[in-house]
Amino acid sequence: MSDKDKGVGFLDKIRTWARVNSPWALHYNSGSCNGCDIEILATLTPRYDVERFGIKLQGSPRHADVLICTGPVTMQSRDRLRRIYEQMPEPKFVVVVGSCGISGGVFQGCYNVLGGIEKVIPVDMYIPGCPPKPEAIIFGIVQLLEALKTGRKPEAVAVIPEPQFENKA
Amino acid sequence: MTLNLNPLIVLLIFPGGLFLIMAGLAYEYLDRKLVARFQNRIGPRWFQPLADLLKLLSKEEITPLGVQRGLFYLLPLFALASALTAALYVPMAGLLPAYAFQGDLIVTIYLLSVLTLSMGLAGACTVDRFALVGATRTLTQLFSYEAPFMLALLGPAIAAQTWQIRSINEYASQNLWLLIAQPIGFLVALVGLMGKLELPPFDAPEAETEIVAGALTEYSGRGLALFRLSKDIELVIGLTLVAAFYLGGIHSPLDFLVKTVGLLLVVALLQTLFARLRIDQVVGLWWRIGTILAVIQLIAIVLGRYVGNLIF
Ligand code: SF4
């Protein structure tokens, strides 16, 4: 490795560090029932305080790094979703929250629904649930950041809930 | 030929460039952390502003359609340069100002306004409607708080009978704290500073619930980073100015730290305490109450001096 490469490697390290520690998010609802959006708003409240991880909700796509999408893509919102994605500066990541965004969920097969977010824009991370808890959303985003740190694709994580009731058959 | 390194050091390391950037980031962190604690949150980590800055610097910079390219790229530089220049005349960190001349108070006040002006222009030179509304609000707000803020800074200047920040600083430390002698002026100056920095409750120009991000909506990457940085620097300079004028002057680094952080505590408290004002309420507040209070204070000072001269 030459000296120049080392310099570039060092700069890259700083860049990745800054990126991992300051993900600014943008939230877009492309046709969800609003359940997921309420959970996202709950995630942003002081109780969960995502500013601990440097996550900040931004109003403008131009300022955002992570696009948080909820809901299935309807025909109406397809172009808007694509436009918002294109307005974001590189590097950008997409996180899908909720079953509807993953597959279309309960809206699968409706006359006006295209299906999951991945039909329109590339997705980096899926957070399942209907709707996922704020803890799950934070967990998902932290997984994305961990993956960014090492440069891998995020892997599927199975989270099995503790059984709450004895199943007396 | 002897190479004089002093101006270079003054410009690039202290009190210019490096020191100011570090101080700006530190004060932004403190501000965010304090607000978070007031809201019962844990708040950001200590390196957060630095990470934000580096990330923005390394991001793609998009040139939106329809902007005037030259202005679009130059305005952030103007903003940063003027903020950095203003620091040269202010007693940063309790040391003597790097440069001083009669009337540098006026120059500093102007330099501090250039940031707001460039933000307004930056919004106005894009075709985005949110940026345009933001720009209009930014400039409207500029016209409303600038007069009272300036009047509030004139009070100490008249009391000290000089237009030089350094001499006012000395005068303030030799006399009773001007906070006690001119309480109204202090209040107007502090709240004016918050208006200048577009902190809540004066954040109508960048109200993200209505107009996305105000004048800076179309900026991404480097431009946004420079604007944010200049705002942080202006926060430090503004706090230093108010502390030097009203809190009995700044004479040692410890003095500087205690007084500016104390002021920041008050500013953060006010930020959490009040909800955002509408733009017409802001203008009304400043012209109906702020300016009149500042003028009353000014008249009181002038009369006080006059009567004092008659007696002694
Ligand atoms: S996943 Fe559930 S809560 Fe979320 S949008 Fe779909 S139906 Fe609503």
# chains A, B, ... in the order shown; residues from 1 in each chain; ligands from 1
call {"tool": "interface_residues", "arguments": {"of": "chain A", "to": "chain B", "cutoff": "6 Å", "atoms": "only C-alpha atoms", "output": "PyMOL selection string"}}
result
chain A and resi 18-19+22+46+51-52+59-60+62-63+89-90
call {"tool": "residues_near_ligand", "arguments": {"ligand": "ligand 1", "cutoff": "9 Å", "atoms": "only C-alpha atoms and all ligand atoms", "output": "list in words"}}
result
Asn29, Gly31, Ser32, Cys33, Asn34, Gly35, Cys36, Asp37, Ile38, Glu39, Thr70, Gly71, Pro72, Val97, Gly98, Ser99, Cys100, Gly101, Ile102, Gly104, Gly105, Val106, Phe107, Pro128, Gly129, Cys130, Pro131 and Pro132 of chain A
call {"tool": "select_by_dssp", "arguments": {"residues": "segment 109-298 of chain B", "states": "alpha helix (DSSP H)", "output": "CSV table (one decimal) with N, CA and C atoms, in the first residue's frame"}}
result
chain,number,residue,atom,x,y,z
B,109,ILE,N,-21.0,44.6,14.1
B,109,ILE,CA,-22.4,44.4,14.0
B,109,ILE,C,-22.8,44.2,12.5
B,110,TYR,N,-22.2,44.9,11.6
B,110,TYR,CA,-22.4,44.7,10.2
B,110,TYR,C,-22.0,43.3,9.8
B,111,LEU,N,-20.8,42.9,10.2
B,111,LEU,CA,-20.3,41.6,9.8
B,111,LEU,C,-21.2,40.5,10.3
B,112,LEU,N,-21.8,40.7,11.5
B,112,LEU,CA,-22.7,39.7,12.0
B,112,LEU,C,-24.0,39.6,11.2
B,113,SER,N,-24.3,40.7,10.6
B,113,SER,CA,-25.6,40.6,9.8
B,113,SER,C,-25.4,40.0,8.4
B,114,VAL,N,-24.1,40.0,8.0
B,114,VAL,CA,-23.9,39.4,6.6
B,114,VAL,C,-24.3,38.0,6.6
B,115,LEU,N,-24.2,37.2,7.6
B,115,LEU,CA,-24.6,35.8,7.6
B,115,LEU,C,-26.1,35.7,7.3
B,116,THR,N,-26.9,36.5,8.0
B,116,THR,CA,-28.4,36.5,7.8
B,116,THR,C,-28.7,36.9,6.4
B,117,LEU,N,-28.0,37.9,5.9
B,117,LEU,CA,-28.2,38.5,4.6
B,117,LEU,C,-27.9,37.4,3.6
B,118,SER,N,-26.7,36.7,3.7
B,118,SER,CA,-26.4,35.7,2.7
B,118,SER,C,-27.4,34.5,2.8
B,119,MET,N,-27.9,34.2,4.0
B,119,MET,CA,-28.9,33.2,4.0
B,119,MET,C,-30.2,33.6,3.2
B,120,GLY,N,-30.6,34.8,3.4
B,120,GLY,CA,-31.7,35.3,2.7
B,120,GLY,C,-31.5,35.3,1.2
B,121,LEU,N,-30.4,35.7,0.8
B,121,LEU,CA,-30.1,35.7,-0.7
B,121,LEU,C,-30.0,34.3,-1.2
B,122,ALA,N,-29.4,33.4,-0.4
B,122,ALA,CA,-29.3,32.0,-0.8
B,122,ALA,C,-30.7,31.4,-1.0
B,123,GLY,N,-31.6,31.8,-0.2
B,123,GLY,CA,-33.0,31.2,-0.4
B,123,GLY,C,-33.6,31.9,-1.6
B,124,ALA,N,-33.3,33.2,-1.8
B,124,ALA,CA,-34.0,33.9,-2.9
B,124,ALA,C,-33.4,33.5,-4.2
B,129,ARG,N,-40.1,27.0,-3.8
B,129,ARG,CA,-41.1,28.0,-3.1
B,129,ARG,C,-40.8,28.0,-1.6
B,130,PHE,N,-40.4,26.9,-1.0
B,130,PHE,CA,-40.2,26.9,0.4
B,130,PHE,C,-39.0,27.8,0.7
B,131,ALA,N,-37.9,27.7,-0.1
B,131,ALA,CA,-36.8,28.5,0.1
B,131,ALA,C,-37.1,30.0,-0.1
B,132,LEU,N,-38.0,30.3,-1.0
B,132,LEU,CA,-38.4,31.7,-1.2
B,132,LEU,C,-39.1,32.2,0.0
B,133,VAL,N,-40.1,31.4,0.5
B,133,VAL,CA,-40.8,31.9,1.7
B,133,VAL,C,-39.9,32.1,2.8
B,134,GLY,N,-38.9,31.1,3.0
B,134,GLY,CA,-38.0,31.1,4.0
B,134,GLY,C,-37.1,32.4,3.9
B,135,ALA,N,-36.7,32.7,2.7
B,135,ALA,CA,-35.8,33.9,2.5
B,135,ALA,C,-36.6,35.2,2.9
B,136,THR,N,-37.9,35.2,2.5
B,136,THR,CA,-38.7,36.4,2.8
B,136,THR,C,-38.7,36.6,4.3
B,137,ARG,N,-39.0,35.4,5.0
B,137,ARG,CA,-39.1,35.5,6.4
B,137,ARG,C,-37.8,35.9,7.1
B,138,THR,N,-36.7,35.3,6.6
B,138,THR,CA,-35.3,35.6,7.1
B,138,THR,C,-35.1,37.1,7.1
B,139,LEU,N,-35.3,37.7,5.9
B,139,LEU,CA,-35.0,39.1,5.7
B,139,LEU,C,-36.0,40.0,6.5
B,140,THR,N,-37.3,39.6,6.6
B,140,THR,CA,-38.2,40.3,7.4
B,140,THR,C,-37.7,40.4,8.8
B,141,GLN,N,-37.3,39.2,9.3
B,141,GLN,CA,-36.9,39.1,10.7
B,141,GLN,C,-35.6,39.9,10.9
B,142,LEU,N,-34.8,39.9,9.9
B,142,LEU,CA,-33.5,40.7,10.0
B,142,LEU,C,-33.9,42.2,10.2
B,143,PHE,N,-34.9,42.7,9.5
B,143,PHE,CA,-35.2,44.1,9.6
B,143,PHE,C,-35.9,44.4,11.0
B,144,SER,N,-36.5,43.3,11.6
B,144,SER,CA,-37.2,43.6,12.8
B,144,SER,C,-36.3,43.6,14.0
B,145,TYR,N,-35.3,42.7,14.1
B,145,TYR,CA,-34.5,42.6,15.3
B,145,TYR,C,-33.3,43.5,15.3
B,146,GLU,N,-32.9,43.8,14.0
B,146,GLU,CA,-31.6,44.5,13.9
B,146,GLU,C,-31.5,45.8,14.6
B,147,ALA,N,-32.6,46.6,14.5
B,147,ALA,CA,-32.6,47.9,15.1
B,147,ALA,C,-32.5,47.8,16.6
B,148,PRO,N,-33.4,47.1,17.3
B,148,PRO,CA,-33.3,47.0,18.8
B,148,PRO,C,-32.0,46.4,19.2
B,149,PHE,N,-31.5,45.4,18.5
B,149,PHE,CA,-30.2,44.7,18.9
B,149,PHE,C,-29.1,45.8,18.9
B,150,MET,N,-29.1,46.6,17.8
B,150,MET,CA,-28.0,47.6,17.7
B,150,MET,C,-28.2,48.6,18.8
B,151,LEU,N,-29.4,49.0,19.0
B,151,LEU,CA,-29.6,50.0,20.1
B,151,LEU,C,-29.2,49.5,21.4
B,152,ALA,N,-29.4,48.2,21.6
B,152,ALA,CA,-29.0,47.6,22.9
B,152,ALA,C,-27.5,47.5,23.1
B,153,LEU,N,-26.8,47.4,22.0
B,153,LEU,CA,-25.3,47.4,22.1
B,153,LEU,C,-24.8,48.8,22.1
B,154,LEU,N,-25.6,49.8,21.7
B,154,LEU,CA,-25.2,51.2,21.8
B,154,LEU,C,-25.1,51.7,23.2
B,155,GLY,N,-26.0,51.1,24.0
B,155,GLY,CA,-26.1,51.6,25.4
B,155,GLY,C,-24.8,51.6,26.1
B,156,PRO,N,-24.1,50.4,26.2
B,156,PRO,CA,-22.8,50.4,26.8
B,156,PRO,C,-21.8,51.3,26.1
B,157,ALA,N,-21.9,51.4,24.8
B,157,ALA,CA,-21.0,52.2,24.0
B,157,ALA,C,-21.1,53.7,24.5
B,158,ILE,N,-22.4,54.1,24.7
B,158,ILE,CA,-22.6,55.5,25.1
B,158,ILE,C,-22.1,55.7,26.5
B,159,ALA,N,-22.4,54.7,27.4
B,159,ALA,CA,-21.9,54.8,28.7
B,159,ALA,C,-20.4,54.9,28.8
B,160,ALA,N,-19.7,54.1,27.9
B,160,ALA,CA,-18.3,54.1,28.0
B,160,ALA,C,-17.7,55.2,27.1
B,165,ILE,N,-14.7,48.2,20.8
B,165,ILE,CA,-15.1,47.0,21.7
B,165,ILE,C,-14.1,46.9,22.8
B,166,ARG,N,-12.8,47.0,22.5
B,166,ARG,CA,-11.8,46.8,23.6
B,166,ARG,C,-12.0,47.7,24.7
B,167,SER,N,-12.2,49.0,24.4
B,167,SER,CA,-12.4,50.0,25.5
B,167,SER,C,-13.7,49.8,26.3
B,168,ILE,N,-14.8,49.4,25.5
B,168,ILE,CA,-16.0,49.1,26.2
B,168,ILE,C,-15.8,48.0,27.2
B,169,ASN,N,-15.1,47.0,26.7
B,169,ASN,CA,-14.8,45.8,27.6
B,169,ASN,C,-14.1,46.3,28.9
B,170,GLU,N,-13.1,47.2,28.7
B,170,GLU,CA,-12.4,47.6,29.9
B,170,GLU,C,-13.3,48.5,30.8
B,171,TYR,N,-14.1,49.3,30.2
B,171,TYR,CA,-15.0,50.2,30.9
B,171,TYR,C,-16.0,49.3,31.7
B,172,ALA,N,-16.5,48.2,31.1
B,172,ALA,CA,-17.4,47.4,31.7
B,172,ALA,C,-16.8,46.7,33.0
B,173,SER,N,-15.5,46.3,32.9
B,173,SER,CA,-14.9,45.6,34.0
B,173,SER,C,-14.6,46.6,35.1
B,174,GLN,N,-14.4,47.9,34.8
B,174,GLN,CA,-14.0,48.8,35.9
B,174,GLN,C,-15.2,49.3,36.7
B,178,LEU,N,-23.0,46.2,33.9
B,178,LEU,CA,-24.0,47.0,33.1
B,178,LEU,C,-25.3,46.3,33.2
B,179,LEU,N,-25.3,45.0,33.5
B,179,LEU,CA,-26.5,44.2,33.6
B,179,LEU,C,-27.4,44.9,34.7
B,180,ILE,N,-26.8,45.4,35.7
B,180,ILE,CA,-27.6,46.1,36.8
B,180,ILE,C,-27.9,47.5,36.4
B,181,ALA,N,-27.0,48.2,35.7
B,181,ALA,CA,-27.2,49.6,35.4
B,181,ALA,C,-28.2,49.7,34.2
B,183,PRO,N,-30.6,47.1,32.8
B,183,PRO,CA,-31.2,45.7,32.6
B,183,PRO,C,-32.0,45.6,31.4
B,184,ILE,N,-32.7,46.7,30.9
B,184,ILE,CA,-33.5,46.5,29.7
B,184,ILE,C,-32.6,46.2,28.5
B,185,GLY,N,-31.5,47.0,28.4
B,185,GLY,CA,-30.6,46.8,27.3
B,185,GLY,C,-30.1,45.3,27.3
B,186,PHE,N,-29.8,44.8,28.4
B,186,PHE,CA,-29.3,43.4,28.5
B,186,PHE,C,-30.4,42.4,27.9
B,187,LEU,N,-31.6,42.6,28.4
B,187,LEU,CA,-32.7,41.8,27.9
B,187,LEU,C,-32.8,41.8,26.4
B,188,VAL,N,-32.9,43.1,25.9
B,188,VAL,CA,-33.1,43.2,24.5
B,188,VAL,C,-31.9,42.6,23.7
B,189,ALA,N,-30.7,42.8,24.2
B,189,ALA,CA,-29.5,42.3,23.5
B,189,ALA,C,-29.6,40.8,23.5
B,190,LEU,N,-29.9,40.2,24.6
B,190,LEU,CA,-29.9,38.7,24.7
B,190,LEU,C,-31.0,38.1,23.8
B,191,VAL,N,-32.2,38.7,23.8
B,191,VAL,CA,-33.3,38.2,23.0
B,191,VAL,C,-33.0,38.5,21.5
B,192,GLY,N,-32.4,39.6,21.3
B,192,GLY,CA,-32.0,40.0,19.9
B,192,GLY,C,-31.0,39.0,19.4
B,193,LEU,N,-30.1,38.5,20.2
B,193,LEU,CA,-29.1,37.5,19.8
B,193,LEU,C,-29.8,36.2,19.4
B,194,MET,N,-30.9,35.9,20.1
B,194,MET,CA,-31.6,34.6,19.8
B,194,MET,C,-32.3,34.8,18.5
B,195,GLY,N,-32.8,36.1,18.2
B,195,GLY,CA,-33.5,36.3,16.9
B,195,GLY,C,-32.5,36.2,15.8
B,196,LYS,N,-31.3,36.7,16.1
B,196,LYS,CA,-30.2,36.7,15.1
B,196,LYS,C,-29.9,35.3,14.7
B,208,GLU,N,-39.7,24.0,10.3
B,208,GLU,CA,-39.7,22.8,9.4
B,208,GLU,C,-41.1,22.2,9.3
B,209,THR,N,-42.0,22.6,10.2
B,209,THR,CA,-43.3,22.0,10.1
B,209,THR,C,-44.1,22.7,9.0
B,210,GLU,N,-43.7,23.9,8.6
B,210,GLU,CA,-44.4,24.6,7.5
B,210,GLU,C,-43.7,24.7,6.2
B,211,ILE,N,-42.4,25.2,6.3
B,211,ILE,CA,-41.7,25.5,5.1
B,211,ILE,C,-40.4,24.7,4.9
B,222,ARG,N,-21.8,20.6,1.2
B,222,ARG,CA,-20.8,21.6,1.6
B,222,ARG,C,-21.5,22.9,2.0
B,223,GLY,N,-22.4,23.4,1.1
B,223,GLY,CA,-23.0,24.7,1.4
B,223,GLY,C,-23.7,24.7,2.7
B,224,LEU,N,-24.5,23.6,3.0
B,224,LEU,CA,-25.2,23.5,4.2
B,224,LEU,C,-24.2,23.5,5.4
B,225,ALA,N,-23.2,22.7,5.2
B,225,ALA,CA,-22.2,22.6,6.3
B,225,ALA,C,-21.6,24.0,6.7
B,226,LEU,N,-21.3,24.8,5.6
B,226,LEU,CA,-20.6,26.1,5.9
B,226,LEU,C,-21.6,27.0,6.6
B,227,PHE,N,-22.9,27.0,6.1
B,227,PHE,CA,-23.9,27.8,6.8
B,227,PHE,C,-24.1,27.5,8.3
B,228,ARG,N,-24.1,26.1,8.5
B,228,ARG,CA,-24.3,25.7,9.9
B,228,ARG,C,-23.1,26.2,10.7
B,229,LEU,N,-21.9,26.0,10.2
B,229,LEU,CA,-20.7,26.4,10.9
B,229,LEU,C,-20.7,27.9,11.2
B,230,SER,N,-21.1,28.7,10.2
B,230,SER,CA,-21.0,30.1,10.4
B,230,SER,C,-22.0,30.5,11.5
B,231,LYS,N,-23.2,29.8,11.6
B,231,LYS,CA,-24.1,30.1,12.6
B,231,LYS,C,-23.5,29.7,14.0
B,232,ASP,N,-22.9,28.6,14.1
B,232,ASP,CA,-22.2,28.3,15.4
B,232,ASP,C,-21.2,29.3,15.8
B,233,ILE,N,-20.4,29.8,14.8
B,233,ILE,CA,-19.4,30.8,15.1
B,233,ILE,C,-20.1,32.1,15.6
B,234,GLU,N,-21.2,32.4,14.9
B,234,GLU,CA,-21.9,33.6,15.3
B,234,GLU,C,-22.4,33.5,16.7
B,235,LEU,N,-22.8,32.3,17.1
B,235,LEU,CA,-23.3,32.1,18.5
B,235,LEU,C,-22.2,32.4,19.5
B,236,VAL,N,-21.0,31.9,19.2
B,236,VAL,CA,-19.9,32.2,20.1
B,236,VAL,C,-19.6,33.7,20.2
B,237,ILE,N,-19.6,34.3,19.0
B,237,ILE,CA,-19.2,35.8,19.0
B,237,ILE,C,-20.3,36.6,19.7
B,238,GLY,N,-21.6,36.2,19.4
B,238,GLY,CA,-22.7,37.0,20.0
B,238,GLY,C,-22.6,36.8,21.5
B,239,LEU,N,-22.4,35.6,22.0
B,239,LEU,CA,-22.4,35.4,23.5
B,239,LEU,C,-21.2,36.2,24.1
B,240,THR,N,-20.1,36.2,23.4
B,240,THR,CA,-18.9,36.9,23.9
B,240,THR,C,-19.2,38.4,24.0
B,241,LEU,N,-19.8,39.0,22.9
B,241,LEU,CA,-20.2,40.4,22.9
B,241,LEU,C,-21.1,40.8,24.0
B,242,VAL,N,-22.2,40.0,24.2
B,242,VAL,CA,-23.1,40.4,25.2
B,242,VAL,C,-22.4,40.2,26.6
B,243,ALA,N,-21.7,39.2,26.8
B,243,ALA,CA,-21.0,39.0,28.1
B,243,ALA,C,-20.0,40.1,28.3
B,244,ALA,N,-19.3,40.5,27.3
B,244,ALA,CA,-18.3,41.6,27.5
B,244,ALA,C,-18.9,42.9,27.8
B,245,PHE,N,-20.1,43.1,27.2
B,245,PHE,CA,-20.7,44.4,27.4
B,245,PHE,C,-21.5,44.5,28.7
B,246,TYR,N,-22.3,43.4,29.0
B,246,TYR,CA,-23.2,43.5,30.1
B,246,TYR,C,-22.8,42.8,31.3
B,253,PRO,N,-9.4,33.6,30.2
B,253,PRO,CA,-10.1,32.5,29.6
B,253,PRO,C,-11.2,31.9,30.6
B,254,LEU,N,-10.9,31.9,31.9
B,254,LEU,CA,-11.9,31.3,32.8
B,254,LEU,C,-13.1,32.2,32.8
B,255,ASP,N,-12.9,33.5,32.9
B,255,ASP,CA,-13.9,34.5,32.9
B,255,ASP,C,-14.8,34.3,31.7
B,256,PHE,N,-14.2,34.1,30.5
B,256,PHE,CA,-14.9,33.9,29.2
B,256,PHE,C,-15.8,32.7,29.3
B,257,LEU,N,-15.2,31.6,29.8
B,257,LEU,CA,-15.9,30.3,29.9
B,257,LEU,C,-17.1,30.4,30.8
B,258,VAL,N,-16.9,31.0,32.0
B,258,VAL,CA,-18.0,31.0,32.9
B,258,VAL,C,-19.1,31.9,32.4
B,259,LYS,N,-18.8,33.1,31.9
B,259,LYS,CA,-19.8,34.1,31.5
B,259,LYS,C,-20.6,33.6,30.3
B,260,THR,N,-19.8,33.1,29.3
B,260,THR,CA,-20.5,32.7,28.1
B,260,THR,C,-21.4,31.5,28.3
B,261,VAL,N,-20.9,30.5,29.1
B,261,VAL,CA,-21.6,29.3,29.3
B,261,VAL,C,-22.9,29.7,30.2
B,262,GLY,N,-22.7,30.6,31.1
B,262,GLY,CA,-23.8,31.0,31.9
B,262,GLY,C,-24.9,31.6,31.0
B,263,LEU,N,-24.5,32.5,30.1
B,263,LEU,CA,-25.4,33.1,29.1
B,263,LEU,C,-26.1,32.0,28.3
B,264,LEU,N,-25.3,31.0,27.8
B,264,LEU,CA,-25.8,30.0,27.0
B,264,LEU,C,-26.9,29.2,27.7
B,265,LEU,N,-26.7,29.0,29.0
B,265,LEU,CA,-27.7,28.3,29.9
B,265,LEU,C,-29.0,29.1,29.8
B,266,VAL,N,-29.0,30.4,29.9
B,266,VAL,CA,-30.2,31.2,29.9
B,266,VAL,C,-30.8,31.1,28.5
B,267,VAL,N,-30.0,31.2,27.5
B,267,VAL,CA,-30.5,31.1,26.1
B,267,VAL,C,-31.2,29.7,25.9
B,268,ALA,N,-30.6,28.7,26.3
B,268,ALA,CA,-31.2,27.3,26.1
B,268,ALA,C,-32.5,27.2,26.9
B,269,LEU,N,-32.5,27.8,28.1
B,269,LEU,CA,-33.7,27.8,28.9
B,269,LEU,C,-34.9,28.5,28.2
B,270,LEU,N,-34.5,29.7,27.6
B,270,LEU,CA,-35.6,30.4,26.9
B,270,LEU,C,-36.0,29.7,25.7
B,271,GLN,N,-35.1,29.0,25.0
B,271,GLN,CA,-35.5,28.2,23.8
B,271,GLN,C,-36.5,27.1,24.1
B,272,THR,N,-36.3,26.4,25.3
B,272,THR,CA,-37.2,25.4,25.6
B,272,THR,C,-38.5,25.9,26.1
B,273,LEU,N,-38.5,27.1,26.7
B,273,LEU,CA,-39.6,27.6,27.4
B,273,LEU,C,-40.7,28.1,26.4
B,279,ILE,N,-44.4,34.9,12.1
B,279,ILE,CA,-43.5,36.0,11.6
B,279,ILE,C,-44.1,37.4,11.9
B,280,ASP,N,-45.4,37.5,11.8
B,280,ASP,CA,-46.0,38.8,12.1
B,280,ASP,C,-45.9,39.1,13.6
B,281,GLN,N,-46.0,38.1,14.4
B,281,GLN,CA,-45.8,38.3,15.9
B,281,GLN,C,-44.4,38.7,16.2
B,282,VAL,N,-43.4,38.1,15.5
B,282,VAL,CA,-42.0,38.5,15.7
B,282,VAL,C,-41.8,40.0,15.4
B,283,VAL,N,-42.3,40.4,14.2
B,283,VAL,CA,-42.1,41.8,13.8
B,283,VAL,C,-42.8,42.7,14.8
B,284,GLY,N,-44.0,42.3,15.2
B,284,GLY,CA,-44.7,43.1,16.1
B,284,GLY,C,-44.0,43.3,17.5
B,291,THR,N,-38.0,47.7,20.3
B,291,THR,CA,-37.4,48.9,20.0
B,291,THR,C,-37.7,50.0,21.0
B,292,ILE,N,-39.0,50.0,21.4
B,292,ILE,CA,-39.4,51.1,22.3
B,292,ILE,C,-38.6,51.0,23.7
B,293,LEU,N,-38.5,49.7,24.1
B,293,LEU,CA,-37.7,49.5,25.3
B,293,LEU,C,-36.3,50.0,25.2
B,294,ALA,N,-35.7,49.6,24.0
B,294,ALA,CA,-34.3,50.0,23.8
B,294,ALA,C,-34.2,51.5,23.7
B,295,VAL,N,-35.1,52.1,23.1
B,295,VAL,CA,-35.0,53.6,23.0
B,295,VAL,C,-35.2,54.2,24.4
B,296,ILE,N,-36.1,53.7,25.2
B,296,ILE,CA,-36.3,54.2,26.5
B,296,ILE,C,-34.9,54.1,27.3
B,297,GLN,N,-34.3,52.9,27.2
B,297,GLN,CA,-33.1,52.7,27.8
B,297,GLN,C,-32.0,53.7,27.4
B,298,LEU,N,-32.0,54.0,26.1
B,298,LEU,CA,-31.0,54.9,25.5
B,298,LEU,C,-31.2,56.3,26.1
call {"tool": "closest_residue", "arguments": {"among": "A:His27, A:Arg78, A:Arg83, A:Arg15", "to": "Lys149 of chain A", "atoms": "only C-alpha atoms"}}
result
A:Arg15
call {"tool": "residues_around", "arguments": {"residues": "Glu118 of chain A", "least_positions_apart": "3", "cutoff": "10 Å", "atoms": "only C-alpha atoms", "output": "ChimeraX atom specification"}}
result
/A:72-73,94,96,101-103,115,121-124
call {"tool": "residues_around", "arguments": {"residues": "segment 134-141 of chain A", "least_positions_apart": "2", "cutoff": "9 Å", "atoms": "only C-alpha atoms", "output": "list of chain:residue names"}}
result
A:Glu39, A:Ile40, A:Leu41, A:Ala42, A:Thr43, A:Leu44, A:Tyr48, A:Val50, A:Val95, A:Val97, A:Met125, A:Tyr126, A:Ile127, A:Pro128, A:Gly129, A:Pro132, A:Gln143, A:Leu144, A:Leu145, A:Glu146
call {"tool": "select_by_dssp", "arguments": {"residues": "chain A", "states": "strand (DSSP E)", "output": "MDAnalysis selection string"}}
result
chainID A and resid 24:29 56:57 66:70 73:74 93:97 113:115 125:127
call {"tool": "atom_distance", "arguments": {"atom1": "atom CA of Gly109 of chain A", "atom2": "atom CA of Phe93 of chain A"}}
result
27.2 Å
